[in-house]
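Written out below as structure tokens is the structure these notes cover.
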Amino acid sequence: MLDLKFIRQNPDLVREGARKKRISCDIDAILRLDEDARARGVELDQLRAEQNTFGALVAKSPPAEKKALLERLAAIKVRHNALEVGQRELEAELHKLLLRVPNVPADAVPEGKDDSENVVIKLWGEPRKFEFAARDHVALGEAQGWLDIERAARLSGSRNYVLKGDLSLLEGAVMRFALDMMVARGFVPLSVPTLVRNEIMVGTGYFPGGEDQAYRCDDRDDLCLVGTAEVPVTALHMDEIHRLEDLPLRYVAQSSCYRREAGAAGKDTRGLYRVHQFQKVEQVVIDVADPARSIEHHQAILQNSEDLLQALELPYRVVNVCGGDLGAPQIQKFDIETWMPSRAGYGETHSASRFHEYQSRRLNLRYRDGEGKVRFCHTLNNTVAASARILIALLENHQTAEGRLRLPPALVPYMGGRQVVGRAL
RNA sequence: GGAGUGGUGGCAGAGUGGCCGAAUGCGCUAGAUUGCUAAUCUGGUGUCUCUUUUAUUGGGGACCGCGGGUUCGAAUCCCGCCCACUCCGCCA
């Protein structure tokens with residue numbers, strides 16, 4: 001959410017930001033409502049002030065004077081109530097619109113309509129050239145008895161999977177490696193709920209707008225399954241005012257992630273690429289409202305994930321996500337795409353976002369600065385490792401000619417000291 | 001799921017219709033005092049918002065879990081919800 005004052009003072013900047021993101025929103029309607037609401041607010045405050053002064057007199061007045069006072073107060077109340085009802089409606093409407101105003105993207109965000117116009121800013125590693133007929137992760141996984149998609153479909157429908165044996169262990173190994181790496185870098189590990197209140201989804205910017213992508217409980221419970229640990233971790237300190245010396249907060253959390261993938265029918269239907277449930281280790285940073293510092297954090301959390309991919313010996317590229325592919329909440333986003341031979345291309349595995357105050361304003365997540373002023377925090381997050389997709393990359397990039405799987409040295413200690421797993425096919 | 005108790009400022013805790021944005025204590029903070037530290041004394045110490053001022057400042061309004069209601073007036077009374085705790089039941 002943007003500051004209403006900011007919108008008032010920079011309407012063109014906000015309009016231009018929305019245009020760049022290809023998100024429609026009616027700034028003029030907001031400004032009109034805002035002006036109207038403030039005018040009514042002033043009048044309401046005046047009426048309340050009168051009410052307060054005369055009300056206090058009632059108690060002290062002799063009975064003879066009370067009647068006149070009460071009559072006067074009754075008149076005030078009539079006007080007040082009429083105004084107040086309208087004011088409530090106005091404010092509710094204003095808030096509704098405000099929730100949908102997109103954050104203003106950074107100048108460094110490239111123009112573009114969708115992901116095809118994201119700008120590659122870095123390449124690392126060489127895609128491997130196979131001197132044998134390479135299998136895709138499904139073929140390899142099924143041949144090794146590591147992957148069972150058919151039975152998973154019986155349990156839970158399409159886009160689900162069962163991992164078995166060494167692949168199940170490998171999932172745990174990657175997650176634990178990611179977690180350990182982040183803890184070594186000073187991030188505080190958290191285990192958090194994956195079922196959160198509706199309010200938390202709004203606070204982190206997923207609602208309104210993303211309802212179709214989230215699994216919701218029925219109306220017995222006001223709960224949603226999160227698509228990422230970003231949600232509960234970023235919201236952990238909502239409604240709090242942090243002391244300056246407690247910032248920055250650096251958190252890392254592993255969680256299950258749930259995505260409905262509505263509207264993706266027929267897209268990426270094979271294998272583990274687009275699934276309803278996966279494991280992910282996520283990093284979240286909460287710090288002071290300093291744009292330069294946010295940029296430093298952004299670089300740092302991007303680097304963390306690059307370091308992980310390099311340790312896993314997986315070729316990747318970093319893209320600067322263009323306006324049209326950016327979500328409403330982000331100032332800027334870098335995606336990391338990892339080489340996946342079966343796609344003959346790079347597939348998105350990480351997403352590093354910078355939000356400024358957009359989330360913290362919704363979450364009422366604040367701190368007291370050096371002058372004692374209360375301000376909204378800046379928030380950022382990035383994937384460290386997301387299980388299903390990182391397994392695709394590991395299986396496909398590190399398969400051997402015999403159909404076995406070579407493990408990068410970083411994972412060897414997490415797989416019982418083995419350097420290769422699976423039998424020769 | 002049933003029965004009960006409770007939710008007040010950073011924390012503890014008083015407040016049961018106007019004298020309450022809220023006692024008191026702790027914490028924090030500034031100053032005084034003391035060779036230093038500790039202790040003691042004095043002052044300050046919530047958030048949001050409108051308005052005024054170049055700014056400091058001044059004035060108004062709102063907020064005592066959340067949302068409604070009663071009343072001229074609500075932290076206080078009533079209703080709904082959320083949360084916590086205790087007991088019972090059920091269950092991994």
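Residues are named by chain letter and number: chains run A, B, ... in the order of the structure tokens, numbers start at 1 in each chain, and ligands are numbered from 1 in the order shown.
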
> Tell me, which residues of region 17-240 of chain A carry DSSP helix (DSSP H, G or I), written as JSON, numbers by chain?
Replying inline: {"A": [17, 18, 19, 20, 21, 27, 28, 29, 30, 31, 32, 33, 34, 35, 36, 37, 38, 39, 40, 41, 42, 43, 44, 45, 46, 47, 48, 49, 50, 51, 52, 53, 54, 55, 56, 57, 58, 59, 60, 63, 64, 65, 66, 67, 68, 69, 70, 71, 72, 73, 74, 75, 76, 77, 78, 79, 80, 81, 82, 83, 84, 85, 86, 87, 88, 89, 90, 91, 92, 93, 94, 95, 96, 97, 98, 99, 115, 116, 117, 137, 138, 139, 140, 141, 142, 143, 149, 150, 151, 152, 153, 154, 155, 156, 165, 166, 167, 168, 169, 170, 171, 172, 173, 174, 175, 176, 177, 178, 179, 180, 181, 182, 183, 184, 198, 199, 200, 201, 202, 203, 211, 212, 213, 230, 231, 232, 233, 234, 235, 236, 237]}

Check which residues of chain A sit at most 6 Å from chain B using only C-alpha atoms (C1' of nucleotides), and return one row each with the closest pair of atoms and their distance in Å to one decimal, ordered by chain and rising number, as JSON lines.
{"residue": "A:Asp45", "atom": "CA", "partner": "B:G61", "partner_atom": "C1'", "distance": 5.0}
{"residue": "A:Gly55", "atom": "CA", "partner": "B:C72", "partner_atom": "C1'", "distance": 5.8}
{"residue": "A:Leu70", "atom": "CA", "partner": "B:C72", "partner_atom": "C1'", "distance": 5.5}
{"residue": "A:Leu73", "atom": "CA", "partner": "B:C72", "partner_atom": "C1'", "distance": 6.0}

Quick one: write out the picked residues with N, CA, C and O atoms as a compact mmCIF listing (two decimals), in the first residue's frame?
# COMPACT_ATOMS: atom_id res chain seq x y z
N ASP A 45 -15.01 16.28 13.03
CA ASP A 45 -14.19 16.59 14.19
C ASP A 45 -14.74 17.80 14.94
O ASP A 45 -14.74 17.84 16.17
N GLY A 55 -21.25 18.32 26.21
CA GLY A 55 -21.51 17.10 26.97
C GLY A 55 -20.97 17.20 28.37
O GLY A 55 -21.59 16.80 29.34
N LEU A 70 -29.34 19.64 26.39
CA LEU A 70 -29.63 18.34 25.78
C LEU A 70 -30.27 18.51 24.41
O LEU A 70 -29.98 17.76 23.48
N LEU A 73 -27.54 19.35 22.04
CA LEU A 73 -26.73 18.17 21.77
C LEU A 73 -27.45 17.21 20.82
O LEU A 73 -26.83 16.60 19.96

> Do you know which residues are at most 12 Å from C41 (chain B) counting only C-alpha atoms (C1' of nucleotides), after dropping those on the same chain fewer than 6 positions away, and could you put them as a ChimeraX atom specification?
Replying inline: /B:31-33

Restricting it to N, CA and C atoms (P, O5', C5', C4', C3', O3' and C1' of nucleotides), dump the selection as an mmCIF file, in the first residue's frame.
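And here's selection_18.cif as it stands now:
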data_model
loop_
_atom_site.group_PDB
_atom_site.id
_atom_site.type_symbol
_atom_site.label_atom_id
_atom_site.label_comp_id
_atom_site.auth_asym_id
_atom_site.auth_seq_id
_atom_site.Cartn_x
_atom_site.Cartn_y
_atom_site.Cartn_z
ATOM 1 P P G B 31 22.239 14.799 29.817
ATOM 2 O "O5'" G B 31 21.822 15.498 31.183
ATOM 3 C "C5'" G B 31 21.586 16.898 31.218
ATOM 4 C "C4'" G B 31 20.932 17.286 32.512
ATOM 5 C "C3'" G B 31 21.761 17.096 33.777
ATOM 6 O "O3'" G B 31 22.733 18.113 33.949
ATOM 7 C "C1'" G B 31 19.559 16.346 34.160
ATOM 8 P P A B 32 24.023 17.816 34.831
ATOM 9 O "O5'" A B 32 23.421 17.733 36.305
ATOM 10 C "C5'" A B 32 22.902 18.895 36.937
ATOM 11 C "C4'" A B 32 22.389 18.550 38.314
ATOM 12 C "C3'" A B 32 23.425 17.907 39.248
ATOM 13 O "O3'" A B 32 24.274 18.858 39.843
ATOM 14 C "C1'" A B 32 21.402 16.699 39.345
ATOM 15 P P U B 33 25.797 18.520 40.079
ATOM 16 O "O5'" U B 33 25.723 17.424 41.220
ATOM 17 C "C5'" U B 33 25.180 17.748 42.505
ATOM 18 C "C4'" U B 33 25.030 16.506 43.331
ATOM 19 C "C3'" U B 33 26.285 15.647 43.440
ATOM 20 O "O3'" U B 33 27.180 16.145 44.428
ATOM 21 C "C1'" U B 33 24.434 14.266 42.955
#

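Between Arg270 (chain A) and the candidates A:Asp222, A:Glu199, A:Glu150, A:Glu35, the tightest atom-to-atom separation, counting only C-alpha atoms, involves A:Glu150.
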
>> List the spatial neighbours of region 286-302 of chain A as an MDAnalysis selection string - criterion: any atom at most 10 Å away, only C-alpha atoms (C1' of nucleotides), same-chain residues fewer than 6 positions off excluded.
In response: chainID A and resid 182 233:234 237 242 244 246:251 318 332:336 350:357 360 365:369 375:384

Output file for the residues above (N, CA and C atoms, as a compact mmCIF listing (two decimals), in the first residue's frame):
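Final output, saved to result.txt:
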# COMPACT_ATOMS: atom_id res chain seq x y z
N MET A 182 22.38 -20.33 5.12
CA MET A 182 21.81 -19.04 5.54
C MET A 182 22.05 -18.78 7.03
N VAL A 233 6.48 -15.08 7.62
CA VAL A 233 7.71 -14.50 8.17
C VAL A 233 7.67 -12.97 8.11
N THR A 234 7.26 -12.42 6.99
CA THR A 234 7.20 -10.96 6.88
C THR A 234 6.17 -10.40 7.85
N HIS A 237 6.08 -9.73 12.63
CA HIS A 237 6.16 -8.58 13.54
C HIS A 237 5.13 -7.50 13.25
N HIS A 242 9.66 -1.55 16.12
CA HIS A 242 10.98 -2.07 16.48
C HIS A 242 11.91 -0.97 16.96
N LEU A 244 15.53 0.66 16.83
CA LEU A 244 16.49 0.80 15.74
C LEU A 244 17.61 -0.25 15.85
N ASP A 246 17.54 -3.15 16.87
CA ASP A 246 17.13 -4.53 16.58
C ASP A 246 17.11 -4.82 15.08
N LEU A 247 17.31 -3.79 14.27
CA LEU A 247 17.26 -3.95 12.82
C LEU A 247 18.68 -4.01 12.25
N PRO A 248 18.91 -4.66 11.13
CA PRO A 248 17.90 -5.40 10.35
C PRO A 248 17.58 -6.77 10.96
N LEU A 249 16.37 -7.23 10.66
CA LEU A 249 16.00 -8.60 10.99
C LEU A 249 16.24 -9.45 9.75
N ARG A 250 16.98 -10.53 9.94
CA ARG A 250 17.23 -11.44 8.83
C ARG A 250 16.71 -12.81 9.22
N TYR A 251 15.73 -13.29 8.47
CA TYR A 251 15.10 -14.57 8.78
C TYR A 251 15.22 -15.54 7.62
N VAL A 318 20.55 -14.41 -14.29
CA VAL A 318 19.74 -13.50 -13.49
C VAL A 318 19.03 -12.54 -14.44
N GLN A 332 11.12 -3.58 -7.29
CA GLN A 332 11.96 -4.21 -8.31
C GLN A 332 12.11 -5.69 -7.95
N LYS A 333 12.34 -6.50 -8.98
CA LYS A 333 12.48 -7.93 -8.75
C LYS A 333 13.54 -8.51 -9.68
N PHE A 334 14.38 -9.34 -9.11
CA PHE A 334 15.32 -10.11 -9.92
C PHE A 334 14.92 -11.57 -9.82
N ASP A 335 14.73 -12.20 -10.96
CA ASP A 335 14.51 -13.64 -10.95
C ASP A 335 15.81 -14.34 -11.28
N ILE A 336 16.03 -15.47 -10.66
CA ILE A 336 17.12 -16.34 -11.10
C ILE A 336 16.49 -17.51 -11.82
N HIS A 350 14.11 -18.81 -8.61
CA HIS A 350 14.23 -17.87 -7.50
C HIS A 350 13.62 -16.54 -7.88
N SER A 351 13.19 -15.82 -6.86
CA SER A 351 12.58 -14.53 -7.12
C SER A 351 12.93 -13.60 -5.96
N ALA A 352 13.75 -12.60 -6.26
CA ALA A 352 14.23 -11.69 -5.21
C ALA A 352 13.51 -10.36 -5.32
N SER A 353 12.73 -10.03 -4.31
CA SER A 353 11.87 -8.85 -4.39
C SER A 353 12.22 -7.81 -3.35
N ARG A 354 12.02 -6.58 -3.75
CA ARG A 354 12.23 -5.44 -2.86
C ARG A 354 10.94 -4.65 -2.84
N PHE A 355 10.47 -4.29 -1.65
CA PHE A 355 9.13 -3.72 -1.51
C PHE A 355 9.07 -2.30 -0.98
N HIS A 356 10.17 -1.81 -0.45
CA HIS A 356 10.10 -0.57 0.35
C HIS A 356 9.02 -0.75 1.42
N GLU A 357 8.10 0.25 1.55
CA GLU A 357 7.15 0.21 2.66
C GLU A 357 5.84 -0.47 2.30
N SER A 360 4.99 -3.27 4.72
CA SER A 360 5.00 -2.89 6.13
C SER A 360 3.87 -1.90 6.45
N LEU A 365 4.01 -2.46 10.28
CA LEU A 365 5.30 -2.96 10.75
C LEU A 365 6.27 -1.78 10.77
N ARG A 366 6.64 -1.33 11.98
CA ARG A 366 7.35 -0.06 12.07
C ARG A 366 8.59 -0.12 12.96
N TYR A 367 9.33 0.99 12.97
CA TYR A 367 10.49 1.10 13.86
C TYR A 367 10.63 2.57 14.24
N ARG A 368 11.42 2.79 15.27
CA ARG A 368 11.67 4.16 15.72
C ARG A 368 13.06 4.55 15.22
N ASP A 369 13.16 5.61 14.46
CA ASP A 369 14.46 5.99 13.89
C ASP A 369 15.30 6.78 14.90
N ARG A 375 8.56 5.08 11.90
CA ARG A 375 8.50 4.95 10.44
C ARG A 375 8.22 3.50 10.05
N PHE A 376 7.76 3.35 8.81
CA PHE A 376 7.51 2.00 8.31
C PHE A 376 8.82 1.37 7.83
N CYS A 377 8.96 0.08 8.08
CA CYS A 377 10.16 -0.65 7.68
C CYS A 377 10.18 -0.87 6.17
N HIS A 378 11.32 -1.26 5.68
CA HIS A 378 11.43 -1.81 4.33
C HIS A 378 11.52 -3.32 4.43
N THR A 379 10.91 -4.02 3.50
CA THR A 379 10.98 -5.48 3.52
C THR A 379 11.51 -5.99 2.18
N LEU A 380 12.16 -7.15 2.24
CA LEU A 380 12.66 -7.82 1.04
C LEU A 380 12.59 -9.33 1.26
N ASN A 381 12.58 -10.06 0.17
CA ASN A 381 12.68 -11.51 0.31
C ASN A 381 13.21 -12.15 -0.97
N ASN A 382 13.69 -13.36 -0.79
CA ASN A 382 14.17 -14.13 -1.94
C ASN A 382 14.11 -15.61 -1.60
N THR A 383 13.92 -16.40 -2.62
CA THR A 383 14.04 -17.84 -2.48
C THR A 383 15.48 -18.18 -2.17
N VAL A 384 15.71 -19.16 -1.30
CA VAL A 384 17.06 -19.73 -1.21
C VAL A 384 17.10 -21.00 -2.06

> Using only C-alpha atoms, which of the listed residues (A:Thr228, A:Gln283, A:Ser255, A:Leu170) sits closest to Arg185 (chain A)?
Replying inline: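 The shortest atom-to-atom distance to Arg185 (chain A) comes from A:Gln283.
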
DSSP-assigned strand (DSSP E) among region 52-194 of chain A, expressed as a PDB file with N, CA, C and O atoms, in the first residue's frame:
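Saved as states04.pdb:
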ATOM      1  N   VAL A 119      15.069  -8.589 -18.723  1.00  0.00           N
ATOM      2  CA  VAL A 119      16.411  -8.340 -19.250  1.00  0.00           C
ATOM      3  C   VAL A 119      17.449  -9.187 -18.514  1.00  0.00           C
ATOM      4  O   VAL A 119      17.558  -9.119 -17.287  1.00  0.00           O
ATOM      5  N   VAL A 120      18.173  -9.990 -19.274  1.00  0.00           N
ATOM      6  CA  VAL A 120      19.203 -10.831 -18.664  1.00  0.00           C
ATOM      7  C   VAL A 120      20.371  -9.953 -18.248  1.00  0.00           C
ATOM      8  O   VAL A 120      20.912  -9.200 -19.057  1.00  0.00           O
ATOM      9  N   ILE A 121      20.747 -10.016 -16.981  1.00  0.00           N
ATOM     10  CA  ILE A 121      21.842  -9.159 -16.539  1.00  0.00           C
ATOM     11  C   ILE A 121      23.060  -9.968 -16.106  1.00  0.00           C
ATOM     12  O   ILE A 121      24.117  -9.409 -15.836  1.00  0.00           O
ATOM     13  N   LYS A 122      22.919 -11.286 -16.054  1.00  0.00           N
ATOM     14  CA  LYS A 122      24.073 -12.075 -15.646  1.00  0.00           C
ATOM     15  C   LYS A 122      23.890 -13.520 -16.081  1.00  0.00           C
ATOM     16  O   LYS A 122      22.777 -14.052 -16.033  1.00  0.00           O
ATOM     17  N   LEU A 123      24.973 -14.113 -16.501  1.00  0.00           N
ATOM     18  CA  LEU A 123      24.981 -15.533 -16.842  1.00  0.00           C
ATOM     19  C   LEU A 123      26.072 -16.197 -16.038  1.00  0.00           C
ATOM     20  O   LEU A 123      27.177 -15.661 -15.925  1.00  0.00           O
ATOM     21  N   TRP A 124      25.785 -17.341 -15.469  1.00  0.00           N
ATOM     22  CA  TRP A 124      26.827 -18.071 -14.743  1.00  0.00           C
ATOM     23  C   TRP A 124      26.774 -19.526 -15.169  1.00  0.00           C
ATOM     24  O   TRP A 124      25.724 -20.153 -15.212  1.00  0.00           O
ATOM     25  N   LEU A 147      10.403 -41.380  -8.342  1.00  0.00           N
ATOM     26  CA  LEU A 147       9.336 -40.424  -8.606  1.00  0.00           C
ATOM     27  C   LEU A 147       8.077 -41.184  -8.987  1.00  0.00           C
ATOM     28  O   LEU A 147       8.125 -42.085  -9.828  1.00  0.00           O
ATOM     29  N   ASP A 148       6.959 -40.860  -8.370  1.00  0.00           N
ATOM     30  CA  ASP A 148       5.710 -41.529  -8.678  1.00  0.00           C
ATOM     31  C   ASP A 148       4.613 -40.483  -8.843  1.00  0.00           C
ATOM     32  O   ASP A 148       4.031 -40.001  -7.870  1.00  0.00           O
ATOM     33  N   VAL A 162       4.974 -37.860  -5.774  1.00  0.00           N
ATOM     34  CA  VAL A 162       5.527 -38.547  -4.618  1.00  0.00           C
ATOM     35  C   VAL A 162       7.012 -38.740  -4.878  1.00  0.00           C
ATOM     36  O   VAL A 162       7.392 -39.197  -5.964  1.00  0.00           O
ATOM     37  N   LEU A 163       7.834 -38.355  -3.938  1.00  0.00           N
ATOM     38  CA  LEU A 163       9.264 -38.601  -4.049  1.00  0.00           C
ATOM     39  C   LEU A 163       9.596 -39.832  -3.211  1.00  0.00           C
ATOM     40  O   LEU A 163       9.070 -39.987  -2.111  1.00  0.00           O
ATOM     41  N   VAL A 188      18.336 -15.844  10.988  1.00  0.00           N
ATOM     42  CA  VAL A 188      17.724 -16.576  12.105  1.00  0.00           C
ATOM     43  C   VAL A 188      16.698 -17.555  11.541  1.00  0.00           C
ATOM     44  O   VAL A 188      15.770 -17.143  10.837  1.00  0.00           O
ATOM     45  N   PRO A 189      16.877 -18.835  11.823  1.00  0.00           N
ATOM     46  CA  PRO A 189      15.924 -19.815  11.273  1.00  0.00           C
ATOM     47  C   PRO A 189      14.598 -19.800  12.008  1.00  0.00           C
ATOM     48  O   PRO A 189      14.557 -19.658  13.231  1.00  0.00           O
ATOM     49  N   LEU A 190      13.528 -19.931  11.252  1.00  0.00           N
ATOM     50  CA  LEU A 190      12.177 -19.944  11.825  1.00  0.00           C
ATOM     51  C   LEU A 190      11.397 -21.117  11.259  1.00  0.00           C
ATOM     52  O   LEU A 190      11.538 -21.447  10.089  1.00  0.00           O
TER      53      LEU A 190
END

>> When you look at Glu337 (chain A) with a cut-off of 8 Å (counting only C-alpha atoms (C1' of nucleotides)), what residues show up, excluding the ones that are within fewer than 6 positions of it in the same chain? I need them as a VMD selection string.
In response: chain A and resid 316 to 319 346 to 350

Emit the selected residues as a tab-separated table (two decimals), in the first residue's frame, including all heavy atoms.
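File produced: selection17.tsv:
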chain	number	residue	atom	x	y	z
A	316	TYR	N	23.06	-20.82	-14.29
A	316	TYR	CA	21.86	-19.99	-14.14
A	316	TYR	C	22.09	-18.64	-14.78
A	316	TYR	O	23.20	-18.28	-15.16
A	316	TYR	CB	21.53	-19.82	-12.66
A	316	TYR	CG	22.59	-19.04	-11.89
A	316	TYR	CD1	22.58	-17.65	-11.84
A	316	TYR	CD2	23.62	-19.71	-11.23
A	316	TYR	CE1	23.54	-16.95	-11.15
A	316	TYR	CE2	24.60	-19.01	-10.53
A	316	TYR	CZ	24.56	-17.62	-10.50
A	316	TYR	OH	25.53	-16.93	-9.83
A	317	ARG	N	20.99	-17.91	-14.89
A	317	ARG	CA	21.11	-16.52	-15.28
A	317	ARG	C	20.20	-15.69	-14.38
A	317	ARG	O	19.25	-16.20	-13.78
A	317	ARG	CB	20.72	-16.34	-16.75
A	317	ARG	CG	19.27	-16.61	-17.03
A	317	ARG	CD	18.97	-16.45	-18.52
A	317	ARG	NE	17.52	-16.51	-18.75
A	317	ARG	CZ	16.98	-16.48	-19.96
A	317	ARG	NH1	17.74	-16.42	-21.05
A	317	ARG	NH2	15.67	-16.53	-20.09
A	318	VAL	N	20.55	-14.41	-14.29
A	318	VAL	CA	19.74	-13.50	-13.49
A	318	VAL	C	19.03	-12.54	-14.44
A	318	VAL	O	19.66	-12.00	-15.35
A	318	VAL	CB	20.63	-12.69	-12.51
A	318	VAL	CG1	19.77	-11.74	-11.68
A	318	VAL	CG2	21.43	-13.62	-11.61
A	319	VAL	N	17.74	-12.36	-14.23
A	319	VAL	CA	17.01	-11.40	-15.06
A	319	VAL	C	16.45	-10.27	-14.21
A	319	VAL	O	16.05	-10.47	-13.07
A	319	VAL	CB	15.88	-12.05	-15.89
A	319	VAL	CG1	16.41	-13.18	-16.76
A	319	VAL	CG2	14.75	-12.55	-15.00
A	346	TYR	N	16.28	-21.86	-19.61
A	346	TYR	CA	16.35	-21.54	-18.19
A	346	TYR	C	14.93	-21.48	-17.61
A	346	TYR	O	14.04	-20.92	-18.23
A	346	TYR	CB	17.03	-20.19	-17.99
A	346	TYR	CG	18.50	-20.20	-18.34
A	346	TYR	CD1	18.95	-19.89	-19.63
A	346	TYR	CD2	19.45	-20.51	-17.37
A	346	TYR	CE1	20.30	-19.90	-19.95
A	346	TYR	CE2	20.81	-20.52	-17.67
A	346	TYR	CZ	21.23	-20.21	-18.97
A	346	TYR	OH	22.56	-20.22	-19.26
A	347	GLY	N	14.77	-22.06	-16.43
A	347	GLY	CA	13.46	-22.02	-15.77
A	347	GLY	C	13.56	-21.28	-14.44
A	347	GLY	O	14.54	-21.45	-13.70
A	348	GLU	N	12.54	-20.50	-14.14
A	348	GLU	CA	12.57	-19.69	-12.93
A	348	GLU	C	12.66	-20.55	-11.67
A	348	GLU	O	11.85	-21.45	-11.46
A	348	GLU	CB	11.32	-18.82	-12.87
A	348	GLU	CG	11.27	-17.94	-11.65
A	348	GLU	CD	9.95	-17.17	-11.54
A	348	GLU	OE1	9.35	-16.84	-12.58
A	348	GLU	OE2	9.54	-16.91	-10.39
A	349	THR	N	13.66	-20.27	-10.85
A	349	THR	CA	13.79	-21.01	-9.59
A	349	THR	C	13.82	-20.09	-8.38
A	349	THR	O	13.62	-20.55	-7.25
A	349	THR	CB	15.10	-21.84	-9.57
A	349	THR	OG1	16.19	-20.98	-9.92
A	349	THR	CG2	15.03	-23.00	-10.54
A	350	HIS	N	14.11	-18.81	-8.61
A	350	HIS	CA	14.23	-17.87	-7.50
A	350	HIS	C	13.62	-16.54	-7.88
A	350	HIS	O	13.61	-16.17	-9.05
A	350	HIS	CB	15.71	-17.61	-7.16
A	350	HIS	CG	16.46	-18.80	-6.68
A	350	HIS	ND1	16.78	-19.86	-7.50
A	350	HIS	CD2	16.96	-19.10	-5.46
A	350	HIS	CE1	17.45	-20.75	-6.79
A	350	HIS	NE2	17.58	-20.32	-5.55

>> Can you tell me which residues surround C81 (chain B) at a distance of at most 12 Å, considering only C-alpha atoms (C1' of nucleotides), apart from same-chain residues fewer than 5 positions away, and format the answer as a ChimeraX atom specification?
In response: /A:222 /B:65-68

Would you output that residue set with C-alpha atoms (C1' of nucleotides), as a short mmCIF file (atom, residue, chain, number, x, y, z; two decimals), in the first residue's frame?
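Below is the file out_22.cif, written as the result:
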data_model
loop_
_atom_site.label_atom_id
_atom_site.label_comp_id
_atom_site.auth_asym_id
_atom_site.auth_seq_id
_atom_site.Cartn_x
_atom_site.Cartn_y
_atom_site.Cartn_z
CA ASP A 222 -10.69 -17.67 8.11
"C1'" G B 65 -8.34 -6.96 21.70
"C1'" C B 66 -11.75 -6.14 16.95
"C1'" G B 67 -16.69 -4.71 15.14
"C1'" G B 68 -21.53 -3.03 16.29
#

> Restricting the calculation to only C-alpha atoms, which member of A:Val78, A:Val85, A:Ala68, A:Arg22 is positioned closest to Leu47 (chain A)?
Replying inline: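 Of all the options, A:Val78 lies closest to Leu47 (chain A).
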
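Every protein, DNA or RNA residue with an atom at most 12 Å from C63 (chain B), where only C-alpha atoms (C1' of nucleotides) count and chain neighbours fewer than 4 positions away do not, is listed here: U8, G9, G21, G46, U47, C48, U49 and A75 of chain B.
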
Expected file: the selected residues, N, CA, C and O atoms (P, O5', C5', C4', C3', O3' and C1' of nucleotides), as a compact mmCIF listing (two decimals), in the first residue's frame:
# COMPACT_ATOMS: atom_id res chain seq x y z
P U B 8 -4.22 -6.27 28.14
O5' U B 8 -4.88 -4.83 28.30
C5' U B 8 -5.15 -4.04 27.13
C4' U B 8 -5.30 -2.60 27.52
C3' U B 8 -4.03 -1.93 28.03
O3' U B 8 -3.21 -1.47 26.98
C1' U B 8 -5.82 -1.44 29.50
P G B 9 -1.80 -2.17 26.69
O5' G B 9 -0.81 -0.93 26.58
C5' G B 9 -0.27 -0.54 25.30
C4' G B 9 0.35 0.83 25.43
C3' G B 9 1.79 0.82 25.93
O3' G B 9 2.66 1.44 24.99
C1' G B 9 0.42 2.25 27.26
P G B 21 -10.12 11.79 29.27
O5' G B 21 -8.78 10.96 29.01
C5' G B 21 -7.97 11.08 28.10
C4' G B 21 -6.57 10.64 28.51
C3' G B 21 -5.53 11.44 27.75
O3' G B 21 -4.30 11.52 28.44
C1' G B 21 -5.37 9.16 27.16
P G B 46 4.36 9.84 25.52
O5' G B 46 4.09 8.81 24.33
C5' G B 46 5.01 7.76 24.11
C4' G B 46 4.30 6.63 23.45
C3' G B 46 3.72 6.97 22.09
O3' G B 46 4.71 6.84 21.08
C1' G B 46 2.07 5.90 23.38
P U B 47 4.68 7.77 19.83
O5' U B 47 3.51 7.14 18.97
C5' U B 47 3.62 5.82 18.50
C4' U B 47 2.32 5.39 17.89
C3' U B 47 1.76 6.31 16.83
O3' U B 47 2.38 6.12 15.57
C1' U B 47 0.04 5.74 18.31
P C B 48 2.45 7.32 14.55
O5' C B 48 0.94 7.44 14.04
C5' C B 48 0.36 6.39 13.30
C4' C B 48 -1.10 6.66 13.08
C3' C B 48 -1.43 8.00 12.44
O3' C B 48 -1.24 7.97 11.04
C1' C B 48 -2.87 7.65 14.27
P U B 49 -0.83 9.31 10.29
O5' U B 49 -2.14 10.19 10.41
C5' U B 49 -3.34 9.78 9.77
C4' U B 49 -4.47 10.67 10.20
C3' U B 49 -4.28 12.15 9.93
O3' U B 49 -4.58 12.48 8.59
C1' U B 49 -5.09 11.85 12.13
P A B 75 -14.28 5.49 26.51
O5' A B 75 -13.32 4.29 26.93
C5' A B 75 -13.23 3.15 26.10
C4' A B 75 -12.82 1.94 26.92
C3' A B 75 -13.94 1.40 27.81
O3' A B 75 -14.70 0.44 27.12
C1' A B 75 -11.95 1.70 29.07

>> Using only C-alpha atoms, can you tell me which of A:Arg38, A:Val421, A:Arg361, A:Ser342 comes closest to Arg135 (chain A)?
In response: A:Ser342

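When CA of Val284 (chain A) is paired with CA of Ala253 (chain A), their separation reads 8.4 Å.
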